[in-house]
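Colleague: For reference, the file final.txt (compact mmCIF, C-alpha atoms) is included below:
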```
# COMPACT_ATOMS: atom_id res chain seq x y z
CA MET A 1 9.79 4.30 3.13
CA ALA A 2 9.13 6.64 0.22
CA PRO A 3 11.41 7.99 -2.52
CA GLY A 4 12.74 11.46 -1.67
CA PRO A 5 14.28 14.35 -3.63
CA ASP A 6 17.58 14.10 -5.55
CA GLY A 7 17.83 10.33 -5.32
CA GLY A 8 17.15 10.21 -1.59
CA VAL A 9 14.66 8.19 0.43
CA TYR A 10 12.40 9.10 3.34
CA VAL A 11 12.23 6.62 6.23
CA SER A 12 9.71 6.68 9.09
CA ILE A 13 10.62 4.76 12.25
CA PRO A 14 8.00 4.20 15.00
CA ARG A 15 9.18 5.09 18.50
CA HIS A 16 7.62 5.81 21.87
CA GLY A 17 7.94 9.48 22.72
CA GLY A 18 7.95 10.61 19.09
CA SER A 19 8.38 8.69 15.85
CA VAL A 20 11.53 9.45 13.85
CA LEU A 21 11.53 10.71 10.26
CA ALA A 22 14.78 10.61 8.30
CA LEU A 23 15.80 11.66 4.80
CA LEU A 24 18.80 9.75 3.46
CA ASP A 25 20.80 11.15 0.55
CA ARG A 26 21.90 9.10 -2.48
CA GLY A 27 24.89 7.86 -0.46
CA GLY A 28 22.79 6.57 2.43
CA GLN A 29 23.72 9.38 4.85
CA ALA A 30 21.23 11.60 6.67
CA ARG A 31 20.79 14.87 4.84
CA PRO A 32 21.39 18.14 6.75
CA GLY A 33 18.55 18.83 9.17
CA TRP A 34 17.63 15.15 9.45
CA PRO A 35 16.54 12.97 11.24
CA ILE A 36 13.77 14.70 13.14
CA ALA A 37 11.34 13.60 15.84
CA VAL A 38 7.64 13.82 14.99
CA LYS A 39 6.35 15.11 18.30
CA ASP A 40 3.58 13.31 20.20
CA SER A 41 3.35 10.32 17.89
CA THR A 42 4.50 6.72 18.03
CA SER A 43 3.79 5.49 14.50
CA CYS A 44 2.79 6.97 11.17
CA GLY A 45 0.42 5.38 8.67
CA LEU A 46 1.11 7.58 5.62
CA LEU A 47 4.43 8.90 4.29
CA LEU A 48 3.81 11.07 1.24
CA PRO A 49 6.59 12.93 -0.61
CA VAL A 50 5.70 16.04 -2.63
CA GLY A 51 7.20 17.18 -5.93
CA ASP A 52 8.84 20.26 -4.39
CA GLY A 53 10.98 18.08 -2.09
CA SER A 54 8.79 18.48 0.98
CA VAL A 55 6.91 15.63 2.65
CA ARG A 56 3.57 15.03 4.37
CA ILE A 57 3.23 12.40 7.08
CA VAL A 58 0.09 11.30 8.94
CA CYS A 59 0.66 9.87 12.41
CA ASN A 60 -1.20 8.84 15.51
CA ALA A 61 -1.39 11.66 18.05
CA THR A 62 -0.60 10.40 21.52
CA ASP A 63 -1.39 13.69 23.27
CA LEU A 64 -4.92 14.08 21.89
CA PRO A 65 -7.97 12.76 23.75
CA GLN A 66 -8.81 9.42 22.18
CA PRO A 67 -12.47 8.56 21.56
CA ASP A 68 -13.61 5.29 23.08
CA ASP A 69 -15.19 3.98 19.84
CA ASP A 70 -12.09 3.13 17.77
CA ARG A 71 -12.08 6.54 16.07
CA ALA A 72 -8.55 7.57 17.03
CA ASP A 73 -7.46 11.14 16.34
CA VAL A 74 -4.38 11.65 14.20
CA ARG A 75 -2.31 14.55 12.91
CA ALA A 76 -0.82 15.40 9.53
CA PHE A 77 2.64 17.00 9.58
CA ALA A 78 4.51 18.74 6.77
CA PHE A 79 8.27 19.32 6.52
CA ASP A 80 10.44 20.92 3.86
CA ALA A 81 13.50 19.22 2.36
CA GLY A 82 15.62 20.61 5.20
CA GLY A 83 13.47 19.03 7.93
CA ARG A 84 11.77 22.29 8.94
CA PRO A 85 8.02 22.23 9.67
CA LEU A 86 5.87 24.14 7.19
CA THR A 87 3.82 27.05 8.48
CA GLY A 88 0.26 26.08 9.42
CA TRP A 89 1.07 22.47 10.23
CA PRO A 90 0.41 20.06 11.92
CA VAL A 91 -3.33 19.72 11.37
CA GLN A 92 -5.70 17.45 13.25
CA LEU A 93 -7.49 14.68 11.37
CA ARG A 94 -9.35 11.54 12.32
CA LEU A 95 -8.39 7.96 11.59
CA GLY A 96 -11.07 6.30 9.49
CA TRP A 97 -12.70 3.10 10.68
CA PRO A 98 -12.60 0.56 9.14
CA ALA A 99 -10.76 2.26 6.27
CA GLY A 100 -7.64 3.11 8.31
CA TYR A 101 -5.08 5.54 6.89
CA VAL A 102 -6.20 6.54 3.37
CA GLY A 103 -4.59 9.55 1.73
CA ALA A 104 -2.39 10.88 -1.06
CA VAL A 105 -0.83 14.09 -2.25
CA VAL A 106 -2.29 15.41 -5.51
CA GLY A 107 -0.22 18.36 -6.71
CA ASP A 108 0.76 19.93 -3.39
CA GLU A 109 -2.54 19.22 -1.63
CA LEU A 110 -3.10 16.41 0.87
CA ILE A 111 -6.27 14.46 0.12
CA TYR A 112 -7.38 12.51 3.19
CA PHE A 113 -10.33 10.14 3.54
CA THR A 114 -12.25 9.50 6.74
CA GLU A 115 -14.95 6.89 7.20
CA GLN A 116 -16.78 6.46 10.49
CA ARG A 117 -19.20 3.84 11.72
CA VAL A 118 -22.19 5.67 13.17
CA ALA A 119 -24.61 2.83 13.94
CA LEU A 120 -24.59 -0.94 14.15
CA ASN A 121 -27.97 -2.41 13.22
CA PRO A 122 -28.97 -6.08 12.85
CA ASN A 123 -26.85 -7.37 9.94
CA THR A 124 -26.08 -3.83 8.71
CA VAL A 125 -23.71 -1.00 9.57
CA SER A 126 -24.33 2.70 8.93
CA TYR A 127 -21.36 4.88 7.93
CA GLU A 128 -20.57 8.43 7.08
CA ALA A 129 -17.55 9.30 4.97
CA TRP A 130 -15.91 12.50 3.79
CA VAL A 131 -12.83 13.88 2.08
CA THR A 132 -10.58 16.46 3.75
CA ARG A 133 -8.27 18.61 1.62
CA VAL A 134 -5.25 20.25 3.24
CA ALA A 135 -3.45 22.99 1.31
CA VAL A 136 0.28 23.65 1.44
CA ASN A 137 -0.30 26.37 4.08
CA GLY A 138 -2.24 23.95 6.32
CA ALA A 139 -5.65 25.37 5.44
CA THR A 140 -8.19 22.55 5.79
CA ARG A 141 -11.46 22.04 3.91
CA SER A 142 -13.86 19.23 4.80
CA GLY A 143 -16.12 17.91 2.07
CA VAL A 144 -19.73 16.79 2.11
CA LYS A 145 -20.43 13.88 4.44
CA VAL A 146 -21.76 10.87 2.56
CA GLN A 147 -24.17 8.54 4.36
CA ARG A 148 -24.39 4.87 3.47
CA GLU A 149 -25.49 1.56 4.95
CA GLU A 150 -23.80 -1.76 4.19
CA THR A 151 -24.33 -5.38 5.09
CA ALA A 152 -21.90 -6.12 7.92
CA CYS A 153 -18.93 -7.82 6.30
CA CYS A 154 -15.29 -7.41 5.69
CA GLY A 155 -12.57 -6.28 3.38
CA GLU A 156 -13.19 -2.59 2.58
CA ARG A 157 -10.29 -1.11 0.58
CA TRP A 158 -9.96 2.57 -0.42
CA ALA A 159 -7.47 4.60 -2.46
CA VAL A 160 -7.14 8.19 -3.67
CA GLY A 161 -7.26 8.68 -7.43
CA PRO A 162 -5.30 11.26 -9.47
CA ASP A 163 -8.53 13.29 -9.70
CA SER A 164 -8.61 13.72 -5.87
CA VAL A 165 -11.64 11.41 -5.66
CA VAL A 166 -11.45 8.50 -3.20
CA TYR A 167 -12.55 5.14 -4.61
CA GLY A 168 -13.30 2.04 -2.54
CA SER A 169 -14.27 -1.58 -3.02
CA VAL A 170 -16.78 -2.97 -0.53
CA LEU A 171 -17.78 -6.62 -0.31
CA ALA A 172 -21.43 -7.60 -0.02
CA LEU A 173 -22.62 -10.67 1.86
CA GLY A 174 -24.96 -13.01 0.05
CA GLU A 175 -28.44 -14.10 1.10
CA ASN A 176 -28.67 -15.32 4.70
CA LEU A 177 -25.26 -13.70 5.30
CA SER A 178 -23.46 -16.24 3.12
CA ALA A 179 -19.87 -15.70 1.95
CA PRO A 180 -19.27 -12.59 -0.20
CA SER A 181 -19.94 -13.12 -3.89
CA SER A 182 -20.35 -9.54 -5.09
CA SER A 183 -18.88 -6.09 -4.52
CA LYS A 184 -19.57 -2.42 -5.03
CA LEU A 185 -17.11 0.15 -6.31
CA LEU A 186 -17.80 3.36 -4.40
CA ALA A 187 -16.56 6.91 -4.91
CA VAL A 188 -16.47 9.90 -2.56
CA SER A 189 -15.36 13.41 -3.57
CA SER A 190 -15.37 16.71 -1.73
CA ALA A 191 -18.77 17.38 -3.31
CA GLY A 192 -20.26 14.00 -2.37
CA VAL A 193 -20.85 10.96 -4.59
CA PRO A 194 -19.81 11.48 -8.23
CA GLY A 195 -22.22 10.53 -11.01
CA GLY A 196 -22.02 6.92 -12.19
CA PHE A 197 -21.33 5.47 -8.73
CA PRO A 198 -21.69 3.06 -7.00
CA ILE A 199 -20.93 0.28 -9.49
CA ALA A 200 -22.09 -3.28 -8.88
CA ILE A 201 -19.40 -5.94 -9.49
CA ASP A 202 -20.01 -9.67 -9.78
CA GLY A 203 -17.30 -11.13 -7.53
CA MET A 204 -14.91 -9.88 -4.85
CA ALA A 205 -13.07 -6.77 -6.00
CA SER A 206 -9.67 -5.52 -4.87
CA GLU A 207 -8.56 -2.11 -3.74
CA PRO A 208 -8.50 0.23 -6.76
CA SER A 209 -5.33 1.10 -8.68
CA PHE A 210 -4.96 3.90 -11.23
CA ASP A 211 -3.16 4.69 -14.47
CA ALA A 212 -1.91 8.14 -15.48
CA ASP A 213 -5.27 9.04 -17.03
CA GLY A 214 -7.08 8.27 -13.79
CA ARG A 215 -8.81 5.10 -15.00
CA ILE A 216 -9.72 2.75 -12.16
CA HIS A 217 -8.33 -0.81 -12.25
CA VAL A 218 -9.44 -3.66 -9.96
CA THR A 219 -8.84 -7.38 -9.81
CA VAL A 220 -11.88 -9.56 -9.24
CA VAL A 221 -12.34 -13.18 -8.15
CA LYS A 222 -15.58 -15.14 -8.01
CA GLU A 223 -14.50 -16.87 -4.79
CA ALA A 224 -11.46 -16.95 -2.51
CA GLY A 225 -8.64 -18.82 -4.23
CA GLY A 226 -10.31 -18.69 -7.62
CA PRO A 227 -8.91 -17.29 -10.88
CA ALA A 228 -8.76 -13.52 -11.20
CA ARG A 229 -9.74 -11.15 -13.94
CA THR A 230 -9.33 -7.39 -14.23
CA LEU A 231 -11.92 -4.66 -14.74
CA VAL A 232 -11.29 -1.06 -15.78
CA PHE A 233 -13.62 1.92 -15.32
CA ASP A 234 -13.40 5.57 -16.24
CA THR A 235 -14.03 8.33 -13.71
CA GLY A 236 -17.66 8.50 -14.83
CA GLY A 237 -18.25 4.92 -13.73
CA GLN A 238 -18.35 3.46 -17.25
CA ALA A 239 -16.50 0.28 -18.25
CA ALA A 240 -13.29 1.13 -20.13
CA ILE A 241 -10.87 -0.75 -22.39
CA GLY A 242 -8.33 -2.83 -20.49
CA GLY A 243 -10.33 -5.43 -18.62
CA SER A 244 -9.15 -9.01 -19.04
CA ALA A 245 -10.64 -12.45 -19.30
CA GLU A 246 -10.07 -14.90 -16.42
CA LEU A 247 -6.37 -15.45 -15.80
CA GLY A 248 -4.58 -18.48 -14.43
CA ILE A 249 -3.66 -16.27 -11.48
CA ASN A 250 -5.16 -16.19 -7.99
CA ALA A 251 -4.36 -12.53 -7.12
CA THR A 252 -3.63 -13.29 -3.47
CA ASP A 253 -4.11 -10.61 -0.84
CA VAL A 254 -1.47 -8.75 1.19
CA CYS A 255 -2.21 -10.96 4.19
CA SER A 256 -2.80 -14.64 4.81
CA GLY A 257 -4.69 -16.78 7.26
CA ILE A 258 -7.06 -14.22 8.79
CA GLU A 259 -10.70 -15.04 8.27
CA GLY A 260 -12.57 -12.63 6.02
CA SER A 261 -10.26 -9.78 5.07
CA CYS A 262 -7.64 -11.97 3.43
CA ALA A 263 -10.15 -13.40 0.98
CA VAL A 264 -10.03 -10.09 -0.89
CA PRO A 265 -7.74 -10.18 -3.94
CA ALA A 266 -4.71 -7.93 -4.08
CA ALA A 267 -4.85 -4.77 -6.16
CA PRO A 268 -3.11 -4.92 -9.54
CA LEU A 269 0.13 -3.05 -10.20
CA VAL A 270 -0.68 -0.55 -12.94
CA GLY A 271 1.76 1.40 -15.10
CA SER A 272 1.13 4.90 -16.40
CA ASP A 273 -0.20 3.65 -19.76
CA GLY A 274 -2.44 0.99 -18.22
CA THR A 275 -0.02 -1.96 -18.47
CA THR A 276 -1.12 -4.18 -15.61
CA PHE A 277 0.43 -6.91 -13.45
CA VAL A 278 -1.64 -9.34 -11.39
CA ILE A 279 0.33 -11.28 -8.77
CA GLU A 280 -0.28 -14.63 -7.14
CA ALA A 281 2.08 -14.76 -4.17
CA HIS A 282 1.92 -17.95 -2.14
CA TYR A 283 4.19 -19.48 0.48
CA THR A 284 5.38 -22.05 -2.06
CA HIS A 285 5.42 -20.17 -5.36
CA THR A 286 4.88 -16.92 -7.24
CA LYS A 287 3.06 -16.20 -10.51
CA VAL A 288 2.66 -12.88 -12.27
CA ALA A 289 0.42 -12.10 -15.24
CA GLY A 290 1.57 -9.17 -17.38
CA LEU A 291 -1.28 -7.55 -19.32
CA SER A 292 -1.12 -4.99 -22.11
CA PRO A 293 -3.24 -1.81 -21.83
CA SER A 294 -5.90 -3.67 -23.85
CA GLY A 295 -6.06 -6.44 -21.21
CA GLN A 296 -4.26 -9.15 -23.22
CA MET A 297 -1.49 -11.34 -21.80
CA MET A 298 1.84 -9.95 -23.09
CA ALA A 299 4.53 -12.05 -24.76
CA GLY A 300 6.81 -13.78 -22.22
CA TRP A 301 4.16 -13.80 -19.48
CA PRO A 302 3.08 -15.17 -17.07
CA TYR A 303 6.21 -15.21 -14.93
CA ARG A 304 6.54 -18.26 -12.69
CA SER A 305 8.87 -19.00 -9.79
CA GLU A 306 9.12 -21.61 -7.05
CA ALA A 307 10.15 -18.88 -4.62
CA GLY A 308 7.45 -18.10 -2.06
CA VAL A 309 6.25 -14.82 -0.63
CA GLN A 310 7.89 -13.33 2.49
CA GLY A 311 5.82 -12.97 5.64
CA ILE A 312 6.37 -9.79 7.65
CA GLY A 313 5.78 -8.79 11.23
CA VAL A 314 6.64 -10.40 14.53
CA CYS A 315 4.54 -12.77 16.60
CA ALA A 316 5.74 -12.34 20.17
CA PRO A 317 6.25 -15.43 22.35
CA GLY A 318 2.96 -16.42 23.96
CA ASP A 319 0.82 -14.50 21.45
CA ILE A 320 -1.77 -16.23 19.30
CA CYS A 321 -1.10 -15.16 15.70
CA GLU A 322 -3.73 -16.56 13.35
CA GLY A 323 -2.32 -14.86 10.27
CA GLY A 324 -0.16 -11.99 9.19
CA ASP A 325 0.84 -9.59 6.46
CA VAL A 326 3.08 -10.51 3.56
CA ALA A 327 5.61 -8.38 1.71
CA THR A 328 4.08 -6.69 -1.32
CA ALA A 329 5.56 -6.14 -4.77
CA ALA A 330 6.39 -2.77 -6.35
CA LEU A 331 6.35 -1.47 -9.91
CA GLY A 332 9.28 0.62 -11.09
CA PRO A 333 10.04 2.73 -14.17
CA GLY A 334 9.90 0.83 -17.45
CA ASP A 335 7.30 -1.58 -16.02
CA VAL A 336 9.86 -3.54 -13.99
CA VAL A 337 8.21 -5.61 -11.24
CA TYR A 338 10.07 -6.05 -7.95
CA LEU A 339 9.12 -9.15 -5.95
CA ILE A 340 10.15 -10.03 -2.40
CA ASN A 341 10.78 -13.73 -1.80
CA ARG A 342 11.45 -15.71 1.35
CA ALA A 343 14.45 -18.00 1.75
CA ASN A 344 13.99 -21.63 0.78
CA ASP A 345 15.55 -22.58 4.13
CA GLU A 346 15.52 -19.73 6.65
CA ALA A 347 17.90 -21.65 8.91
CA VAL A 348 20.57 -21.42 6.20
CA ASP A 349 19.75 -18.53 3.85
CA GLY A 350 18.23 -15.08 3.75
CA GLY A 351 15.43 -13.74 1.59
CA SER A 352 15.80 -12.13 -1.81
CA LEU A 353 14.57 -9.34 -4.05
CA VAL A 354 14.06 -10.07 -7.74
CA ALA A 355 13.43 -7.67 -10.64
CA VAL A 356 11.31 -8.96 -13.53
CA GLY A 357 11.49 -6.94 -16.74
CA PRO A 358 8.64 -6.07 -19.11
CA ASP A 359 9.49 -9.18 -21.16
CA GLY A 360 8.59 -11.43 -18.21
CA ARG A 361 12.22 -12.43 -17.55
CA VAL A 362 14.41 -11.88 -14.50
CA ARG A 363 16.78 -9.00 -15.24
CA ALA A 364 20.51 -9.63 -15.46
CA GLY A 365 22.24 -9.63 -12.05
CA TRP A 366 19.09 -10.34 -10.09
CA PRO A 367 17.96 -11.55 -7.58
CA VAL A 368 19.73 -9.68 -4.81
CA GLU A 369 20.04 -12.05 -1.86
CA LEU A 370 20.60 -11.55 1.86
CA LYS A 371 23.32 -13.90 3.06
CA ARG A 372 22.54 -14.17 6.77
CA ALA A 373 20.28 -17.01 7.86
CA GLY A 374 16.86 -15.72 8.84
CA ALA A 375 17.34 -12.32 7.20
CA ALA A 376 14.44 -11.03 5.11
CA PHE A 377 13.30 -8.13 3.00
CA TRP A 378 10.05 -6.68 4.32
CA SER A 379 9.27 -3.90 1.84
CA VAL A 380 10.49 -2.18 -1.32
CA VAL A 381 9.82 1.18 -3.01
CA VAL A 382 11.29 2.38 -6.29
CA GLY A 383 12.54 5.86 -7.20
CA SER A 384 12.03 7.64 -10.49
CA ASP A 385 15.57 6.68 -11.58
CA GLY A 386 14.88 2.97 -11.01
CA THR A 387 16.74 2.70 -7.70
CA ALA A 388 15.01 0.16 -5.46
CA TYR A 389 15.03 0.91 -1.74
CA ALA A 390 14.51 -2.27 0.27
CA LEU A 391 14.01 -2.71 4.01
CA ALA A 392 16.07 -5.64 5.33
CA ILE A 393 15.37 -7.17 8.75
CA GLU A 394 18.24 -9.26 10.13
CA PRO A 395 18.42 -11.37 13.31
CA GLU A 396 20.81 -10.25 16.03
CA SER A 397 21.90 -11.74 19.33
CA GLY A 398 19.43 -12.07 22.18
CA GLY A 399 16.51 -12.74 19.88
CA LYS A 400 16.45 -9.15 18.60
CA SER A 401 16.66 -7.76 15.09
CA SER A 402 18.22 -4.89 13.19
CA ALA A 403 16.75 -2.96 10.26
CA SER A 404 18.67 -1.59 7.30
CA ILE A 405 17.88 0.24 4.06
CA LEU A 406 19.55 -1.09 0.91
CA ALA A 407 19.67 1.11 -2.19
CA ILE A 408 19.91 -1.13 -5.25
CA ALA A 409 20.63 0.16 -8.77
CA PRO A 410 18.68 -1.15 -11.78
CA ASP A 411 21.67 -3.39 -12.65
CA SER A 412 21.45 -4.95 -9.12
CA THR A 413 24.49 -3.09 -7.73
CA VAL A 414 24.00 -2.35 -4.03
CA ARG A 415 24.83 1.34 -3.77
CA TYR A 416 24.67 1.40 0.01
CA SER A 417 23.32 -0.33 3.09
CA THR A 418 22.41 1.93 6.03
CA THR A 419 21.35 0.53 9.39
CA ILE A 420 18.41 2.52 10.78
CA VAL A 421 17.48 0.40 13.81
CA GLU A 422 19.89 -1.48 16.06
CA PRO A 423 19.00 -3.70 19.04
```
Please lay out the structure from this file as structure tokens.
Modeller:
Amino acid sequence: MAPGPDGGVYVSIPRHGGSVLALLDRGGQARPGWPIAVKDSTSCGLLLPVGDGSVRIVCNATDLPQPDDDRADVRAFAFDAGGRPLTGWPVQLRLGWPAGYVGAVVGDELIYFTEQRVALNPNTVSYEAWVTRVAVNGATRSGVKVQREETACCGERWAVGPDSVVYGSVLALGENLSAPSSSKLLAVSSAGVPGGFPIAIDGMASEPSFDADGRIHVTVVKEAGGPARTLVFDTGGQAAIGGSAELGINATDVCSGIEGSCAVPAAPLVGSDGTTFVIEAHYTHTKVAGLSPSGQMMAGWPYRSEAGVQGIGVCAPGDICEGGDVATAALGPGDVVYLINRANDEAVDGGSLVAVGPDGRVRAGWPVELKRAGAAFWSVVVGSDGTAYALAIEPESGGKSSASILAIAPDSTVRYSTTIVEP
């Protein structure tokens, strides 16, 4: 999901034979020209609305020859607000490995990051990485390829900054390939590596987040499960105001139970002025630290709740599922934090969505709860008017599930519920 124009919301639905892209209006109905099939794709890793009402979407390309070294080819599509493809699109790209889908729209230009493993040496891996820029007319420019070599490890996380530079946190194994205890903050632009990078970080650093001025915010832990702190850097690689002391917060990752990658702390939620929220989301409880732009704990924080985080995804019968993703929080206008919680007893209740205001208190009327046993919210995005769009998964007969989009006003009123997938 992603907020759309005029109070609408874009929804991408994976499907064999062509994924489906829909634009719902503020009443939950498909707008004229929608939904559409995204030809020759089954799933899409990036859904990126543009300020003019159009949208970019990056999807796997099932009709393209697939390399046999995990470097799958993908395509970027562009559609206007009426569902019509823009001239010059789609364009062919390449899925980064291990970075995955990393991209953003800056202005009206798609900034897309590709990282490729080129050699596997004893205890090290060689990579090349580059930035591709795609203009509104589909014209594509590939940047300088950056070569680097890293100790074979885990947990690379990348994000596109407001300056069109891609920043990434990479863990470094200790001596004798011991557990990670340090990180590097990398940067790749169209012209190569910007001055001031890479930056050495003592501890395991999260994926970068950004404020409106483009400052780079990361959470850092000394060891998995340890207390987090925040660091802030400017685009020249210098430490900036806003970093915190150690917090009584763990900064858990977006997944749990998988060796290696889930030891990396979750990225902070960062408001436009640098107000920052660090979240500890466990199966049994939730904590949130609210930090001022100067890095100090704000009055009323931390927020604490005995409600646990919601797991997402399906483990099919007979599969071995060692871990899985968890539902992530979202930050809305006015620095309102939206948290997805699981039901205390899934055999009786459904999950819930709670809005925590900038004072650290649950807002009046919240949480919004699903009534059906076993129902759960899996994701939430927030529009510029404060409307929260939440994906609800509900059990149906025969062991199947349905999926619906709920549009929830800032006062917790459910404006609509639209079913997008039925068994």
Colleague: Using only C-alpha atoms, determine which residues lie at most 8 Å from Gly311 (chain A), disregarding the query and same-chain residues fewer than 3 positions distant; provide the list as a ChimeraX atom specification.
Modeller: /A:324-327,342,378
Colleague: Can you pull out the residues contacting Ala135 (chain A)? Cut-off 9 Å, using all atoms listed in the file, and skip same-chain residues under 2 positions away; I want them as number ranges by chain.
Modeller: A: 108-110, 133, 137-141
Colleague: What would the file look like if the residues just selected were written as an mmCIF file, in the coordinates of the input with C-alpha atoms?
Modeller:
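What follows is the written file result_4.cif:
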```
data_model
loop_
_atom_site.group_PDB
_atom_site.id
_atom_site.type_symbol
_atom_site.label_atom_id
_atom_site.label_comp_id
_atom_site.auth_asym_id
_atom_site.auth_seq_id
_atom_site.Cartn_x
_atom_site.Cartn_y
_atom_site.Cartn_z
ATOM 1 C CA ASP A 108 0.760 19.930 -3.390
ATOM 2 C CA GLU A 109 -2.540 19.220 -1.630
ATOM 3 C CA LEU A 110 -3.100 16.410 0.870
ATOM 4 C CA ARG A 133 -8.270 18.610 1.620
ATOM 5 C CA ASN A 137 -0.300 26.370 4.080
ATOM 6 C CA GLY A 138 -2.240 23.950 6.320
ATOM 7 C CA ALA A 139 -5.650 25.370 5.440
ATOM 8 C CA THR A 140 -8.190 22.550 5.790
ATOM 9 C CA ARG A 141 -11.460 22.040 3.910
#
```
Colleague: I'd like to know which of A:Gly383, A:Gly308, A:Pro180, A:Pro268 is closest to Ile201 (chain A), using only C-alpha atoms.
Modeller: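 Looking only at the distances to Ile201 (chain A), the closest residue turns out to be A:Pro180.
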Colleague: Give me the residues within 12 Å of Val144 (chain A) as a PyMOL selection string, counting all atoms listed in the file and dropping any in the same chain fewer than 4 places off.
Modeller: chain A and resi 113-114+128-133+188-194
Colleague: Which residues, written as a list in words, have at least one atom at most 10 Å from Arg31 (chain A), with only C-alpha atoms counted and residues fewer than 6 positions away on the same chain left out?
Modeller: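 Contacts, in chain order: Gly8, Ala22, Leu23, Leu24, Asp25, Ala81, Gly82 and Gly83 of chain A.
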Colleague: Which of these residues is nearest to Val125 (chain A), using all atoms listed in the file: A:Asp63, A:Asp40, A:Glu156, A:Glu149?
Modeller: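 Nearest candidate to Val125 (chain A) out of A:Asp63, A:Asp40, A:Glu156, A:Glu149: A:Glu149.
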Colleague: Which is closer to Ile13 (chain A) than all the others in A:Ala390, A:Glu306, A:Thr42, A:Val136, using only C-alpha atoms?
Modeller: A:Thr42
Colleague: For a test of reading the model, state the distance in Å between CA of Ile279 (chain A) and CA of Thr328 (chain A), rounded to one decimal.
Modeller: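 So the two atoms, CA of Ile279 (chain A) and CA of Thr328 (chain A), lie 9.5 Å apart.
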Colleague: With distances taken over only C-alpha atoms, which of A:Thr418, A:Ser401, A:Thr387, A:Ser19 is nearest to Pro3 (chain A)?
Modeller: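 Among the listed residues, A:Thr387 lies closest to Pro3 (chain A).
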Colleague: How many Å lie between CA of Tyr303 (chain A) and CA of Lys287 (chain A), rounded to one decimal?
Modeller: 5.5 Å
Colleague: Using Å and a single decimal, report how far CA of Leu331 (chain A) sits from CA of Pro198 (chain A).
Modeller: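 Rounded to one decimal, the two atoms are 28.6 Å apart.
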Colleague: So that I can check the surroundings of Glu115 (chain A), please list as a list in words every protein, DNA and RNA residue that reaches within 10 Å of it, counting all atoms listed in the file and ignoring chain neighbours fewer than 5 positions away.
Modeller: Arg71, Arg94, Leu95, Gly96, Trp97, Pro98, Ala99, Gly100, Tyr101, Val102, Tyr127, Glu128, Ala129, Trp130, Val131, Lys145, Val146 and Gln147 of chain A
Colleague: Would you mind telling me which residue in A:Val221, A:Ala299, A:Ala240, A:Ala364 lies nearest to Ala267 (chain A) when using only C-alpha atoms?
Modeller: A:Val221
Colleague: Could you check which of A:Phe79, A:Arg361, A:Ile405, A:Ala2 is closest to Gly33 (chain A), using only C-alpha atoms?
Modeller: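 Of A:Phe79, A:Arg361, A:Ile405, A:Ala2, the one nearest Gly33 (chain A) is A:Phe79, counting only C-alpha atoms.
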Colleague: Please tell me which residues are no farther than 6 Å from (-18.5, -4.2, 1.6) in the file, counting all atoms listed in the file, and write them as an mmCIF file with C-alpha atoms, in the coordinates of the input.
Modeller:
```
data_model
loop_
_atom_site.group_PDB
_atom_site.id
_atom_site.type_symbol
_atom_site.label_atom_id
_atom_site.label_comp_id
_atom_site.auth_asym_id
_atom_site.auth_seq_id
_atom_site.Cartn_x
_atom_site.Cartn_y
_atom_site.Cartn_z
ATOM 1 C CA CYS A 153 -18.930 -7.820 6.300
ATOM 2 C CA GLU A 156 -13.190 -2.590 2.580
ATOM 3 C CA VAL A 170 -16.780 -2.970 -0.530
ATOM 4 C CA LEU A 171 -17.780 -6.620 -0.310
ATOM 5 C CA ALA A 172 -21.430 -7.600 -0.020
#
```
Colleague: What are the centre and edge lengths in Å, to one decimal, of the axis-aligned box around all listed atoms of region 211-225 of chain A with 3 Å added on each side, as lines of an AutoDock Vina configuration file?
Modeller:
```
center_x = -8.7
center_y = -4.9
center_z = -9.8
size_x = 19.7
size_y = 33.9
size_z = 20.5
```
